[in-house]
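J.: After the structure tokens below, expect a handful of questions from me.
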Amino acid sequence: MTELLANHVSGRWQTGSGAGTVLIDPVLGTELVRVDATGLDLAAAFAFARGTGGAALRALSYAQRGAMLAGALKVMQGQREAYYEIATANSGTVKNDSAVDIDGGLFTLGQYAKMGEALGERHHLLDGEAVRLGKDPLFQSRHVLLPTRGVALFINAFNFPAWGLWEKAAPALLSGVPVIVKPATATAWLTQRMVKDVVDAGILPPGALSVICGSSQGLLDQLEPFDVLSFTGSADTAELIRSHPAVTRRSVRVNIEADSLNSAWLLPGASADSVDLLVKEVAREMTVKSGQKCTAIRRVLVPQAQADAVAQAIAARLAKTTVGNPRNESVRMGALVSRAQLNSVRDGLALLKQQAQVLHDGAAHALVDADPAVACCVGPTLLGLKDAAASDAADLVHTHEVFGPVATLVPYRDADHALALIRRGQGSLVASLYGNDEAALASAALALADSHGRVHIISPDVAAIQTGHGNVMPQSLHGGPGRAGGGEELGGLRALNFYHRRAAIQASTAVLDRLAPPASA
Ligand code: NAP
């Protein structure tokens, strides 16, 4: 029997009492480890995190908590090799794709450690200046931010077991809020291992960081009014969460990151340089992590007259992508995380093909060093709508996210048409723009900003230094309105807002002066 991974709750490592769910290597089909949360005393686990973990974290200053994050980072930097091995086995990713998750997570943690240091020896934050409430300047109002006295529950998606943990846990712990993470079952191993390394190193106070691997059953029932819940996953599960009594009756604050039909837009009149940049970025986004990125490009908006040339250029790049066993050095793209995901991608492709043509067929890619009957690998597929009229008629491309190496070319007539088509995504995490005219790019960005969490502009002057359409940088906001879930994460210190409660203190200015942090902070 494979190892049954332990959960960490109530300050102790505890295995579930059931047989567990087996995690499978998506390339070799072998059994790796098991996870199970049966029989855990969840009420005690949440109470311990809230009481013991929360109190210990709040007793520390932001600088001390930042130092704690730096300590966690150091511990994990020493274990990177082990994390890469787990990612290869459990997520089927090539080294570069594992890096997006592992090193991306560690980088994000490091950024929040630095922010903690800069916030200094304070225990609360001020929000804005004091403002007069009447004619007499003596009586004023000032807003303060205090860490919520609850627990932060994270229910995470399968595609980022490392980054998905730290992009949420770093701002939560820096805020002084204890974390309970429930990773997606399919790839829970890496999250569990990272939590284990940090907990066992004794860097965090007991109760600050807990991990529950296995079923999510009963987790939401534990949530109380000052707890917060951050969910990443499908729109269907998000709907269940939004209608749970913890949210509807107990006002638990919720952040939701759901699916998103992100766009790349080649602006009208773009130069050949810009066309090249779009082609490169689309091919890269389709293949990094086998397209299993919530931010990956799904819709490629191109002027109708350029559609054929762009399609050929993207297809030529995709044709060079070697797909198969990530342990083989020649392989550039590994597997999807599970058979369920492979089936879901195949079903999604079949659906989109009802309205779109195949411009590059992923099925034409022979697998390298992998058995097609076993490995959950699929080649990258570029679909395309015939012309601008077809772009108007098709609806699936704007509503159905295929969570794999699949994108669709969407020809448009003019800029207004492109904007209208992009908006049919009903709110996305990110759109990237390609062009040479700065004024047109700025105006396009503003036209899209209300329906996107991030607009990423790749003009030729930043070609070599831009951070990538799909890369989520901790300094910038991650999230999006509408179907993207309506959530907001990261964005530097903005991330701390979710874990703090804001209150107005109305008092004499003599009292309000005492709210300011010490001069050294
Ligand atoms: P999912 O089925 O909704 O699962 C997500 C998480 O929710 C998993 O931890 C899952 O646990 C848990 N879960 C399942 N049913 C639940 C329930 N009834 N109550 C509470 N928790 C429950 O989503 P998925 O299909 O694995 O994830 C892929 C989706 O995530 C894609 O659509 C993608 O766009 C989205 N995503 C979004 C972002 C973003 O930042 N916006 C990032 C990554 C992924 P189990 O694994 O144990 O079932």
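Chain lettering (A, B, ...) mirrors the order of the structure tokens, residue numbering begins at 1 for each chain separately, and ligand numbering begins at 1 in order of display.
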What residues have any atom no more than 9 Å from ligand 1 when counting only C-alpha atoms and all ligand atoms, and can you list them as an MDAnalysis selection string?
T.: chainID A and resid 154:160 164 182:188 213:220 231:238 240:241 256:261 292:295 341 401:403 428:429 478:480 484:485 487 489
J.: Restrict the calculation to only C-alpha atoms, then for each residue of region 171-261 of chain A with any atom at most 9 Å from an atom of region 69-79 of chain A give the closest atom pair and their distance in Å to one decimal, rows by chain and rising residue number, as CSV.
T.:
```
residue,atom,partner,partner_atom,distance
A:Leu173,CA,A:Leu69,CA,7.9
A:Leu174,CA,A:Leu69,CA,7.6
A:Met194,CA,A:Met76,CA,7.0
A:Asp197,CA,A:Met76,CA,6.9
A:Val198,CA,A:Ala72,CA,5.6
A:Val199,CA,A:Ala72,CA,8.7
A:Ala201,CA,A:Val75,CA,7.3
A:Ile203,CA,A:Gly71,CA,6.6
A:Leu204,CA,A:Ala72,CA,8.1
```
J.: CA of Trp166 (chain A) and CA of Gly491 (chain A), how far apart in Å?
T.: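 Pair CA of Gly491 (chain A) / CA of Trp166 (chain A) returns 14.1 Å.
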J.: Using CA of Ala43 (chain A) and CA of Val151 (chain A) as the two end points, give the distance in Å to one decimal.
T.: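 Distance reported for this atom pair: 12.2 Å.
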J.: For Ser459 (chain A), find every residue with an atom within 6 Å (counting only C-alpha atoms), except residues of its own chain fewer than 5 positions away, and show them as a list in words.
T.: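 In the requested form, the answer reads Tyr434, Gly435 and Asn436 of chain A.
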J.: Return the single residue from A:Thr88, A:Asn497, A:Ser330, A:Thr38 that is closest to Val144 (chain A), with distances computed using only C-alpha atoms.
T.: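 Residue with the minimum atom-to-atom distance to Val144 (chain A): A:Asn497.
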J.: Which of region 198-370 of chain A end up as strand (DSSP E or B) when DSSP is run on this backbone - answer as a PyMOL selection string?
T.: chain A and resi 209-211+228-232+253-257+262-266+297-303+323-324+333+357-360+367-368
J.: For a test of reading the model, state the distance in Å between CA of Leu382 (chain A) and CA of Val406 (chain A), rounded to one decimal.
T.: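 Taking CA of Leu382 (chain A) and CA of Val406 (chain A), their separation equals 5.9 Å.
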J.: Please run DSSP on the backbone and report, as a PDB file with N, CA and C atoms, in the first residue's frame, all residues within region 376-518 of chain A that come out as helix (DSSP H, G or I).
T.:
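After the write, out-v2.pdb holds the following:
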```pdb
ATOM      1  N   ALA A 388     -15.202  37.079 -39.451  1.00  0.00           N
ATOM      2  CA  ALA A 388     -15.779  37.938 -38.405  1.00  0.00           C
ATOM      3  C   ALA A 388     -17.264  37.627 -38.178  1.00  0.00           C
ATOM      4  N   ALA A 389     -17.953  37.246 -39.243  1.00  0.00           N
ATOM      5  CA  ALA A 389     -19.382  36.912 -39.075  1.00  0.00           C
ATOM      6  C   ALA A 389     -19.520  35.661 -38.207  1.00  0.00           C
ATOM      7  N   ALA A 390     -18.618  34.693 -38.422  1.00  0.00           N
ATOM      8  CA  ALA A 390     -18.652  33.464 -37.609  1.00  0.00           C
ATOM      9  C   ALA A 390     -18.353  33.803 -36.145  1.00  0.00           C
ATOM     10  N   SER A 391     -17.488  34.807 -35.932  1.00  0.00           N
ATOM     11  CA  SER A 391     -17.179  35.215 -34.553  1.00  0.00           C
ATOM     12  C   SER A 391     -18.427  35.738 -33.854  1.00  0.00           C
ATOM     13  N   ASP A 392     -19.294  36.406 -34.603  1.00  0.00           N
ATOM     14  CA  ASP A 392     -20.558  36.890 -34.025  1.00  0.00           C
ATOM     15  C   ASP A 392     -21.498  35.730 -33.735  1.00  0.00           C
ATOM     16  N   ALA A 393     -21.529  34.779 -34.663  1.00  0.00           N
ATOM     17  CA  ALA A 393     -22.511  33.689 -34.547  1.00  0.00           C
ATOM     18  C   ALA A 393     -22.133  32.686 -33.448  1.00  0.00           C
ATOM     19  N   LEU A 396     -19.988  29.337 -28.066  1.00  0.00           N
ATOM     20  CA  LEU A 396     -19.246  28.448 -27.163  1.00  0.00           C
ATOM     21  C   LEU A 396     -17.855  28.980 -26.816  1.00  0.00           C
ATOM     22  N   VAL A 397     -17.204  29.595 -27.795  1.00  0.00           N
ATOM     23  CA  VAL A 397     -15.840  30.083 -27.557  1.00  0.00           C
ATOM     24  C   VAL A 397     -15.823  31.156 -26.464  1.00  0.00           C
ATOM     25  N   HIS A 398     -16.951  31.826 -26.288  1.00  0.00           N
ATOM     26  CA  HIS A 398     -17.027  32.879 -25.269  1.00  0.00           C
ATOM     27  C   HIS A 398     -17.583  32.372 -23.943  1.00  0.00           C
ATOM     28  N   THR A 399     -18.045  31.123 -23.931  1.00  0.00           N
ATOM     29  CA  THR A 399     -18.686  30.634 -22.702  1.00  0.00           C
ATOM     30  C   THR A 399     -18.043  29.371 -22.137  1.00  0.00           C
ATOM     31  N   ALA A 415     -11.908  47.713 -34.211  1.00  0.00           N
ATOM     32  CA  ALA A 415     -11.619  47.715 -32.763  1.00  0.00           C
ATOM     33  C   ALA A 415     -12.898  47.560 -31.933  1.00  0.00           C
ATOM     34  N   ASP A 416     -13.952  48.236 -32.328  1.00  0.00           N
ATOM     35  CA  ASP A 416     -15.197  48.134 -31.539  1.00  0.00           C
ATOM     36  C   ASP A 416     -15.723  46.702 -31.550  1.00  0.00           C
ATOM     37  N   HIS A 417     -15.583  46.056 -32.709  1.00  0.00           N
ATOM     38  CA  HIS A 417     -16.029  44.668 -32.816  1.00  0.00           C
ATOM     39  C   HIS A 417     -15.197  43.775 -31.883  1.00  0.00           C
ATOM     40  N   ALA A 418     -13.878  43.991 -31.885  1.00  0.00           N
ATOM     41  CA  ALA A 418     -12.998  43.185 -31.012  1.00  0.00           C
ATOM     42  C   ALA A 418     -13.390  43.373 -29.550  1.00  0.00           C
ATOM     43  N   LEU A 419     -13.615  44.633 -29.163  1.00  0.00           N
ATOM     44  CA  LEU A 419     -13.999  44.902 -27.765  1.00  0.00           C
ATOM     45  C   LEU A 419     -15.298  44.189 -27.405  1.00  0.00           C
ATOM     46  N   ALA A 420     -16.263  44.244 -28.326  1.00  0.00           N
ATOM     47  CA  ALA A 420     -17.559  43.604 -28.055  1.00  0.00           C
ATOM     48  C   ALA A 420     -17.374  42.090 -27.911  1.00  0.00           C
ATOM     49  N   LEU A 421     -16.525  41.513 -28.745  1.00  0.00           N
ATOM     50  CA  LEU A 421     -16.296  40.057 -28.663  1.00  0.00           C
ATOM     51  C   LEU A 421     -15.599  39.692 -27.351  1.00  0.00           C
ATOM     52  N   ILE A 422     -14.600  40.475 -26.973  1.00  0.00           N
ATOM     53  CA  ILE A 422     -13.888  40.183 -25.713  1.00  0.00           C
ATOM     54  C   ILE A 422     -14.866  40.253 -24.546  1.00  0.00           C
ATOM     55  N   ARG A 423     -15.742  41.254 -24.568  1.00  0.00           N
ATOM     56  CA  ARG A 423     -16.705  41.413 -23.453  1.00  0.00           C
ATOM     57  C   ARG A 423     -17.675  40.244 -23.355  1.00  0.00           C
ATOM     58  N   GLU A 438       0.901  53.737 -28.963  1.00  0.00           N
ATOM     59  CA  GLU A 438       0.733  53.843 -27.506  1.00  0.00           C
ATOM     60  C   GLU A 438      -0.642  54.365 -27.111  1.00  0.00           C
ATOM     61  N   ALA A 439      -1.124  55.362 -27.854  1.00  0.00           N
ATOM     62  CA  ALA A 439      -2.428  55.946 -27.499  1.00  0.00           C
ATOM     63  C   ALA A 439      -3.532  54.905 -27.683  1.00  0.00           C
ATOM     64  N   ALA A 440      -3.458  54.165 -28.793  1.00  0.00           N
ATOM     65  CA  ALA A 440      -4.498  53.141 -29.042  1.00  0.00           C
ATOM     66  C   ALA A 440      -4.433  52.048 -27.974  1.00  0.00           C
ATOM     67  N   LEU A 441      -3.208  51.677 -27.549  1.00  0.00           N
ATOM     68  CA  LEU A 441      -3.058  50.632 -26.521  1.00  0.00           C
ATOM     69  C   LEU A 441      -3.620  51.101 -25.181  1.00  0.00           C
ATOM     70  N   ALA A 442      -3.317  52.362 -24.841  1.00  0.00           N
ATOM     71  CA  ALA A 442      -3.802  52.887 -23.553  1.00  0.00           C
ATOM     72  C   ALA A 442      -5.320  52.960 -23.575  1.00  0.00           C
ATOM     73  N   SER A 443      -5.877  53.409 -24.695  1.00  0.00           N
ATOM     74  CA  SER A 443      -7.337  53.530 -24.719  1.00  0.00           C
ATOM     75  C   SER A 443      -8.002  52.163 -24.733  1.00  0.00           C
ATOM     76  N   ALA A 444      -7.386  51.176 -25.410  1.00  0.00           N
ATOM     77  CA  ALA A 444      -7.934  49.810 -25.388  1.00  0.00           C
ATOM     78  C   ALA A 444      -7.863  49.245 -23.967  1.00  0.00           C
ATOM     79  N   ALA A 445      -6.772  49.547 -23.259  1.00  0.00           N
ATOM     80  CA  ALA A 445      -6.624  49.030 -21.886  1.00  0.00           C
ATOM     81  C   ALA A 445      -7.735  49.576 -20.995  1.00  0.00           C
ATOM     82  N   LEU A 446      -8.015  50.873 -21.122  1.00  0.00           N
ATOM     83  CA  LEU A 446      -9.072  51.453 -20.287  1.00  0.00           C
ATOM     84  C   LEU A 446     -10.439  50.899 -20.665  1.00  0.00           C
ATOM     85  N   ALA A 447     -10.606  50.607 -21.960  1.00  0.00           N
ATOM     86  CA  ALA A 447     -11.896  50.058 -22.394  1.00  0.00           C
ATOM     87  C   ALA A 447     -12.123  48.654 -21.836  1.00  0.00           C
ATOM     88  N   LEU A 448     -11.033  47.950 -21.495  1.00  0.00           N
ATOM     89  CA  LEU A 448     -11.165  46.572 -20.991  1.00  0.00           C
ATOM     90  C   LEU A 448     -11.031  46.471 -19.472  1.00  0.00           C
ATOM     91  N   ALA A 449     -10.557  47.545 -18.852  1.00  0.00           N
ATOM     92  CA  ALA A 449     -10.193  47.445 -17.427  1.00  0.00           C
ATOM     93  C   ALA A 449     -11.378  47.149 -16.519  1.00  0.00           C
ATOM     94  N   PRO A 460       6.470  46.430 -28.633  1.00  0.00           N
ATOM     95  CA  PRO A 460       7.839  45.984 -28.952  1.00  0.00           C
ATOM     96  C   PRO A 460       8.901  46.487 -27.978  1.00  0.00           C
ATOM     97  N   ASP A 461       8.710  47.689 -27.388  1.00  0.00           N
ATOM     98  CA  ASP A 461       9.747  48.219 -26.490  1.00  0.00           C
ATOM     99  C   ASP A 461       9.914  47.391 -25.207  1.00  0.00           C
ATOM    100  N   VAL A 462       8.879  46.631 -24.817  1.00  0.00           N
ATOM    101  CA  VAL A 462       9.005  45.837 -23.582  1.00  0.00           C
ATOM    102  C   VAL A 462       9.074  44.332 -23.880  1.00  0.00           C
ATOM    103  N   GLY A 482     -17.218  39.120 -12.726  1.00  0.00           N
ATOM    104  CA  GLY A 482     -18.136  38.273 -13.487  1.00  0.00           C
ATOM    105  C   GLY A 482     -17.799  36.807 -13.403  1.00  0.00           C
ATOM    106  N   ARG A 483     -17.710  36.158 -14.572  1.00  0.00           N
ATOM    107  CA  ARG A 483     -17.511  34.712 -14.554  1.00  0.00           C
ATOM    108  C   ARG A 483     -16.146  34.321 -13.984  1.00  0.00           C
ATOM    109  N   ALA A 484     -15.198  35.262 -13.926  1.00  0.00           N
ATOM    110  CA  ALA A 484     -13.895  34.959 -13.315  1.00  0.00           C
ATOM    111  C   ALA A 484     -14.015  34.812 -11.798  1.00  0.00           C
ATOM    112  N   GLY A 492       0.169  43.368  -4.262  1.00  0.00           N
ATOM    113  CA  GLY A 492       0.988  43.933  -3.184  1.00  0.00           C
ATOM    114  C   GLY A 492       0.208  43.953  -1.880  1.00  0.00           C
ATOM    115  N   LEU A 493       0.263  45.102  -1.188  1.00  0.00           N
ATOM    116  CA  LEU A 493      -0.383  45.202   0.128  1.00  0.00           C
ATOM    117  C   LEU A 493      -1.901  45.132   0.042  1.00  0.00           C
ATOM    118  N   ARG A 494      -2.466  45.328  -1.143  1.00  0.00           N
ATOM    119  CA  ARG A 494      -3.939  45.235  -1.272  1.00  0.00           C
ATOM    120  C   ARG A 494      -4.445  43.879  -0.797  1.00  0.00           C
ATOM    121  N   ALA A 495      -3.604  42.848  -0.960  1.00  0.00           N
ATOM    122  CA  ALA A 495      -4.024  41.494  -0.562  1.00  0.00           C
ATOM    123  C   ALA A 495      -4.352  41.419   0.925  1.00  0.00           C
ATOM    124  N   LEU A 496      -3.743  42.299   1.705  1.00  0.00           N
ATOM    125  CA  LEU A 496      -3.952  42.241   3.152  1.00  0.00           C
ATOM    126  C   LEU A 496      -5.374  42.664   3.543  1.00  0.00           C
ATOM    127  N   ASN A 497      -6.019  43.447   2.672  1.00  0.00           N
ATOM    128  CA  ASN A 497      -7.376  43.931   2.992  1.00  0.00           C
ATOM    129  C   ASN A 497      -8.334  42.792   3.306  1.00  0.00           C
ATOM    130  N   PHE A 498      -8.223  41.696   2.545  1.00  0.00           N
ATOM    131  CA  PHE A 498      -9.156  40.568   2.699  1.00  0.00           C
ATOM    132  C   PHE A 498      -9.071  39.982   4.115  1.00  0.00           C
ATOM    133  N   TYR A 499      -7.905  40.067   4.718  1.00  0.00           N
ATOM    134  CA  TYR A 499      -7.673  39.434   6.019  1.00  0.00           C
ATOM    135  C   TYR A 499      -7.801  40.421   7.188  1.00  0.00           C
ATOM    136  N   THR A 509      -9.272  64.538  18.306  1.00  0.00           N
ATOM    137  CA  THR A 509      -7.989  64.366  17.598  1.00  0.00           C
ATOM    138  C   THR A 509      -6.894  63.911  18.560  1.00  0.00           C
ATOM    139  N   ALA A 510      -7.034  64.263  19.837  1.00  0.00           N
ATOM    140  CA  ALA A 510      -6.028  63.823  20.820  1.00  0.00           C
ATOM    141  C   ALA A 510      -6.039  62.304  20.949  1.00  0.00           C
ATOM    142  N   VAL A 511      -7.236  61.725  20.868  1.00  0.00           N
ATOM    143  CA  VAL A 511      -7.320  60.255  20.929  1.00  0.00           C
ATOM    144  C   VAL A 511      -6.823  59.664  19.609  1.00  0.00           C
ATOM    145  N   LEU A 512      -7.271  60.264  18.508  1.00  0.00           N
ATOM    146  CA  LEU A 512      -6.888  59.715  17.193  1.00  0.00           C
ATOM    147  C   LEU A 512      -5.379  59.729  16.999  1.00  0.00           C
ATOM    148  N   ASP A 513      -4.705  60.722  17.557  1.00  0.00           N
ATOM    149  CA  ASP A 513      -3.238  60.770  17.429  1.00  0.00           C
ATOM    150  C   ASP A 513      -2.588  59.519  18.020  1.00  0.00           C
TER     151      ASP A 513
END
```
J.: Measuring atom to atom with only C-alpha atoms, identify which of A:His123, A:Lys95, A:Arg12, A:Arg501 is nearest to Arg332 (chain A).
T.: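 Checking each candidate against Arg332 (chain A), we get A:Lys95 as the closest.
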J.: Compare A:Ala169, A:Ile212, A:Ala59, A:Ile24 by their minimum atom-to-atom distance to Ala6 (chain A), counting only C-alpha atoms, and give me the closest one.
T.: A:Ile212
J.: List as an MDAnalysis selection string the protein and nucleic acid residues near Trp13 (chain A), meaning an atom at most 12 Å away when only C-alpha atoms are counted, but skip any in the same chain fewer than 2 places from it.
T.: chainID A and resid 4:11 15:16 37 40 45 192 195:196 199:200 206:207 209:213
J.: Could you give me, as a ChimeraX atom specification, the residues within 12 Å of Ser274 (chain A), counting only C-alpha atoms and dropping anything in the same chain fewer than 3 positions from it?
T.: /A:264-271,277-281,302,310,432-437,457-463
J.: Could you pull the residues within 9 Å of Ala356 (chain A), counting only C-alpha atoms, minus those fewer than 3 positions along the same chain, as an NGL selection string?
T.: :A and (352-353 or 383-386 or 390 or 394 or 397 or 408-409)
J.: Tell me which protein, DNA and RNA residues are within 7 Å of Pro326 (chain A), counting only C-alpha atoms, leaving out same-chain ones fewer than 2 positions away, and put them as a ChimeraX atom specification.
T.: /A:88,92-94,324,328,331,334
